[in-house]
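Novice: Just dropping this structure here.
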Amino acid sequence: MLSLLIRIFIKDKGPGSRARYGVLCGAYGIFLNLVLFIGKITVGFLSGAISIVADALNNLSDAASSLVSVIGFKLSNHAPDLEHPFGHGRIEYLAGLIVSAIIVVMGGNLVIESFGRILHPEETEFSAAVVIVLVLSVLVKIYMFLYNRKIGKRIDSQPLLATSVDSLSDTLATFTVLVCLLISHFFDLNLDGFAGVIVGVFILFVGAKSAKETVSPLLGNAPDPEFIKAVEDIVKSSPKVIGMHDLIVHDYGPGRLMISLHAEVPGDGDIYVLHDEIDLLEYRLMDELHCHAVIHMDPVEVGNPRTDALKEMVKEAVAEELPGTSIHDFRVVPGPTHTNLVFDVLVPYDCKKSEEEIMDIVQEAVWKRDKMCFVRIAVDHDFTRSK
């Protein structure tokens with residue numbers, strides 16, 4: 001059914017189709033969840049089973065979540081304006097966070113209500129209609145899990161992926177309700193309240209997990225390692241680039257990436273030729289990785305034996321005293337009484353030492369090898385590594 005709707009409503013499969021995919025999946029989800037809600041709430045009230053009513057309300061919250069996702073896709077697709085020059089892509093993350101909040105609130109209410117049913121159990125009626133509705137619900141939710149995951153991966157959408165996980169948990173929750181009702185009927189055990197608590201806990205867990213996954217990009221998480229490698233491969237493929245560092249990735253929503261980095265180039269090269277090469281790299285990054293790139297040129301001295309020897313000495317000293325660190329932007333400023341070594345030290349986030357301590361450690365390590373060298377360093381952190 002969804003494939004038919006995609007063929008009808010999404011004829012253009014280009015980059016602009018992303019929002020249309022999201023809106024279509026959201027609208028389809030609203031329809032299916034409302035159908036499930038009507039079916040379950042009907043048999044739930046007729047049978048008096050709070051677990052079925054809870055499951056029905058869960059479907060109603062899913063419909064509301066899908067509505068929020070549709071609105072999020074619509075708003076996030078708006079073009080940049082004066083107030084939001086980087087676009088509105090992060091609205092999609094906010095939509096995912098709202099969906100998660102709805103799931104958590106619903107799960108908490110269901111746990112409280114179901115716990116009350118455990119303390120004060122009530123008789124429930126068993127019928128074939130109840131079984132049929134619950135079995136169909138399981139099958140529909142499995143279908144929703146599959147299509148939301150497929151489309152979510154295709155367009156890289158966090159709300160759709162969160163919805164797919166929610167659909168899977170709904171499948172398990174509804175199946176649990178079905179099993180508990182069968183046990184209650186055939187073994188004369190009232191498990192209705194317990195089944196409701198299980199459904200509520202399922203919903204709470206999924207909502208919390210989904211919230212964590214949607215908050216992370218809003219806070220600014222580390223970029224995908226594959227994306228970082230692709231950037232490095234493109235930049236370092238240039239014969240004019242000696243090395244690169246200080247890569248920063250700004251995520252303003254799906255398809256809206258901005259990156260900046262420093263590219264080391266020969267200090268004795270033609271500035272116009274090097275600038276032209278940097279421009280070409282920026283165009284390549286935009287064309288191949290669909291990101292807006294700004295590259296800063298860092299001129300470095302090449303072919304000087306004294307500079308190369310001092311650089312290797314500092315690398316060895318830093319690696320020995322501060323494992324996991326590296327250096328870049330290395331320059332040598334000679335003087336009549338001593339030599340200044342100017343460079344940046346890239347420190348991992350798990351290093352607990354202060355900048356002053358790091359400076360002292362590096363200076364002492366260099367003095368062990370050359371008393372005439374003084375360090376002038378800046379401490380950097382890697383914004384592209386999560387570990």
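Just remember, in the structure tokens the first chain shown is A, the second B, etc., residues are 1-based per chain, and ligands are 1-based in the order shown.
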Residues at most 6 Å from stretch 109-121 of chain A, counting only C-alpha atoms, excluding those fewer than 6 positions away in the same chain, as a PyMOL selection string?
Specialist: chain A and resi 193+196-197+200
Novice: Apply DSSP to the structure's backbone, then extract all residues of stretch 250-325 of chain A labelled strand (DSSP E) and return them as a list in words.
Specialist: His250, Asp251, Leu257, Met258, Ile259, Ser260, Leu261, His262, Ala263, Glu264, Val265, Pro266, Cys291, His292, Ala293, Val294, Ile295, His296, Met297, Asp298, Pro299 and Val300 of chain A
Novice: Kindly export the residues of the current selection with C-alpha atoms, as a compact mmCIF listing (two decimals), in the first residue's frame.
Specialist:
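The resulting selection_39.txt:
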# COMPACT_ATOMS: atom_id res chain seq x y z
CA HIS A 250 28.27 22.00 12.21
CA ASP A 251 25.00 20.10 11.82
CA LEU A 257 26.13 20.47 7.08
CA MET A 258 28.80 23.15 7.32
CA ILE A 259 32.43 22.26 7.89
CA SER A 260 35.64 24.19 8.48
CA LEU A 261 39.19 22.88 8.56
CA HIS A 262 42.84 23.90 8.33
CA ALA A 263 44.89 22.59 5.41
CA GLU A 264 48.68 22.68 5.66
CA VAL A 265 50.36 23.89 2.47
CA PRO A 266 54.02 24.60 1.58
CA CYS A 291 28.28 20.22 2.71
CA HIS A 292 29.34 23.86 2.74
CA ALA A 293 33.10 23.91 3.38
CA VAL A 294 35.49 26.66 4.48
CA ILE A 295 39.20 25.79 4.37
CA HIS A 296 41.87 27.88 6.06
CA MET A 297 45.38 27.63 4.62
CA ASP A 298 48.21 27.03 7.09
CA PRO A 299 51.64 27.64 5.50
CA VAL A 300 54.32 25.32 6.87
Novice: Between A:Asp276, A:Glu123, A:Asp224, A:Asp246, which is the closest to A:Ala49 once you count only C-alpha atoms?
Specialist: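 With only C-alpha atoms as the atom set, the closest residue is A:Glu123.
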Novice: Please list as a list in words every residue within 7 Å of stretch 130-134 of chain A, counting only C-alpha atoms and excluding residues in the same chain fewer than 6 positions away.
Specialist: Gly39, Lys40, Val43, Thr174 and Leu178 of chain A
Novice: If DSSP is run on the backbone, what residues of stretch 214-254 of chain A are helix (DSSP H, G or I)? A reply as a list in words would be ideal.
Specialist: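 Filtering stretch 214-254 of chain A to helix (DSSP H, G or I) leaves Thr214, Val215, Ser216, Pro217, Leu218, Leu219, Pro225, Glu226, Phe227, Ile228, Lys229, Ala230, Val231, Glu232, Asp233, Ile234, Val235 and Lys236 of chain A.
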Novice: Counting only C-alpha atoms, what is within 8 Å of A:Leu204, bar same-chain residues fewer than 2 positions away, as a list in words?
Specialist: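 Those residues are Ile103, Val104, Val105, Met106, Gly107, Gly108, Gly200, Val201, Phe202, Val206, Gly207 and Ala208 of chain A.
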Novice: Based on the selection just made, write N, CA and C atoms of those residues as a PDB file, in the first residue's frame.
Specialist:
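Done, and the output landed in selection14.pdb:
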ATOM      1  N   ILE A 103       5.535  10.043  24.211  1.00  0.00           N
ATOM      2  CA  ILE A 103       5.634   8.610  24.526  1.00  0.00           C
ATOM      3  C   ILE A 103       5.893   8.414  26.022  1.00  0.00           C
ATOM      4  N   VAL A 104       6.804   9.204  26.600  1.00  0.00           N
ATOM      5  CA  VAL A 104       7.148   9.060  28.020  1.00  0.00           C
ATOM      6  C   VAL A 104       5.948   9.389  28.908  1.00  0.00           C
ATOM      7  N   VAL A 105       5.250  10.487  28.625  1.00  0.00           N
ATOM      8  CA  VAL A 105       4.090  10.879  29.429  1.00  0.00           C
ATOM      9  C   VAL A 105       3.007   9.806  29.359  1.00  0.00           C
ATOM     10  N   MET A 106       2.734   9.305  28.158  1.00  0.00           N
ATOM     11  CA  MET A 106       1.722   8.269  28.005  1.00  0.00           C
ATOM     12  C   MET A 106       2.113   7.008  28.767  1.00  0.00           C
ATOM     13  N   GLY A 107       3.378   6.616  28.674  1.00  0.00           N
ATOM     14  CA  GLY A 107       3.838   5.421  29.371  1.00  0.00           C
ATOM     15  C   GLY A 107       3.702   5.552  30.875  1.00  0.00           C
ATOM     16  N   GLY A 108       4.050   6.724  31.418  1.00  0.00           N
ATOM     17  CA  GLY A 108       3.930   6.941  32.853  1.00  0.00           C
ATOM     18  C   GLY A 108       2.488   6.854  33.335  1.00  0.00           C
ATOM     19  N   GLY A 200       3.020  -0.194  29.810  1.00  0.00           N
ATOM     20  CA  GLY A 200       3.500   1.128  30.204  1.00  0.00           C
ATOM     21  C   GLY A 200       5.009   1.199  30.319  1.00  0.00           C
ATOM     22  N   VAL A 201       5.617   0.153  30.895  1.00  0.00           N
ATOM     23  CA  VAL A 201       7.080   0.128  31.027  1.00  0.00           C
ATOM     24  C   VAL A 201       7.741   0.074  29.652  1.00  0.00           C
ATOM     25  N   PHE A 202       7.177  -0.721  28.734  1.00  0.00           N
ATOM     26  CA  PHE A 202       7.680  -0.761  27.361  1.00  0.00           C
ATOM     27  C   PHE A 202       7.704   0.647  26.760  1.00  0.00           C
ATOM     28  N   VAL A 206      11.040   2.939  25.613  1.00  0.00           N
ATOM     29  CA  VAL A 206      11.217   3.396  24.227  1.00  0.00           C
ATOM     30  C   VAL A 206      11.264   4.922  24.164  1.00  0.00           C
ATOM     31  N   GLY A 207      10.406   5.580  24.940  1.00  0.00           N
ATOM     32  CA  GLY A 207      10.394   7.037  24.931  1.00  0.00           C
ATOM     33  C   GLY A 207      11.702   7.623  25.434  1.00  0.00           C
ATOM     34  N   ALA A 208      12.251   7.047  26.505  1.00  0.00           N
ATOM     35  CA  ALA A 208      13.521   7.541  27.048  1.00  0.00           C
ATOM     36  C   ALA A 208      14.656   7.327  26.055  1.00  0.00           C
TER      37      ALA A 208
END
Novice: Which neighbours of stretch 85-87 of chain A fall inside 8 Å, counting only C-alpha atoms, when residues of the same chain fewer than 5 positions from it are skipped, and could you give them as a ChimeraX atom specification?
Specialist: /A:76,78-80,252,256
Novice: Selection from above, N, CA and C atoms, as an mmCIF file, in the first residue's frame, can you write it?
Specialist:
data_model
loop_
_atom_site.group_PDB
_atom_site.id
_atom_site.type_symbol
_atom_site.label_atom_id
_atom_site.label_comp_id
_atom_site.auth_asym_id
_atom_site.auth_seq_id
_atom_site.Cartn_x
_atom_site.Cartn_y
_atom_site.Cartn_z
ATOM 1 N N SER A 76 10.672 22.031 8.681
ATOM 2 C CA SER A 76 12.115 21.912 8.471
ATOM 3 C C SER A 76 12.504 22.108 7.017
ATOM 4 N N HIS A 78 11.433 24.479 5.121
ATOM 5 C CA HIS A 78 11.400 25.888 4.737
ATOM 6 C C HIS A 78 12.807 26.378 4.404
ATOM 7 N N ALA A 79 12.890 27.244 3.431
ATOM 8 C CA ALA A 79 14.184 27.774 2.995
ATOM 9 C C ALA A 79 14.761 28.703 4.063
ATOM 10 N N PRO A 80 16.094 28.901 4.052
ATOM 11 C CA PRO A 80 16.715 29.856 4.990
ATOM 12 C C PRO A 80 16.128 31.246 4.828
ATOM 13 N N TYR A 252 23.171 21.517 11.028
ATOM 14 C CA TYR A 252 21.968 22.332 11.167
ATOM 15 C C TYR A 252 20.729 21.583 10.692
ATOM 16 N N ARG A 256 22.051 19.619 5.917
ATOM 17 C CA ARG A 256 22.500 20.996 6.118
ATOM 18 C C ARG A 256 23.765 20.986 6.978
#
Novice: Smallest atom-to-atom distance to A:Thr339: which of A:Thr42, A:Asn58, A:Thr307, A:Ser69, using only C-alpha atoms?
Specialist: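 With only C-alpha atoms as the atom set, the closest residue is A:Thr307.
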Novice: Could you tell me how far atom CA of A:Ile102 sits from atom CA of A:Ala195, in Å to one decimal place?
Specialist: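 Spanning atom CA of A:Ala195 to atom CA of A:Ile102 is a straight-line distance of 20.7 Å.
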Novice: What is the distance, in Å and to one decimal place, between atom CA of A:Pro223 and atom CA of A:Asp380?
Specialist: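 So the two atoms, atom CA of A:Pro223 and atom CA of A:Asp380, lie 17.6 Å apart.
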Novice: Give me the residues within 9 Å of A:Ile142 as number ranges by chain, counting only C-alpha atoms and dropping any in the same chain fewer than 6 places off.
Specialist: A: 167-168, 170-171
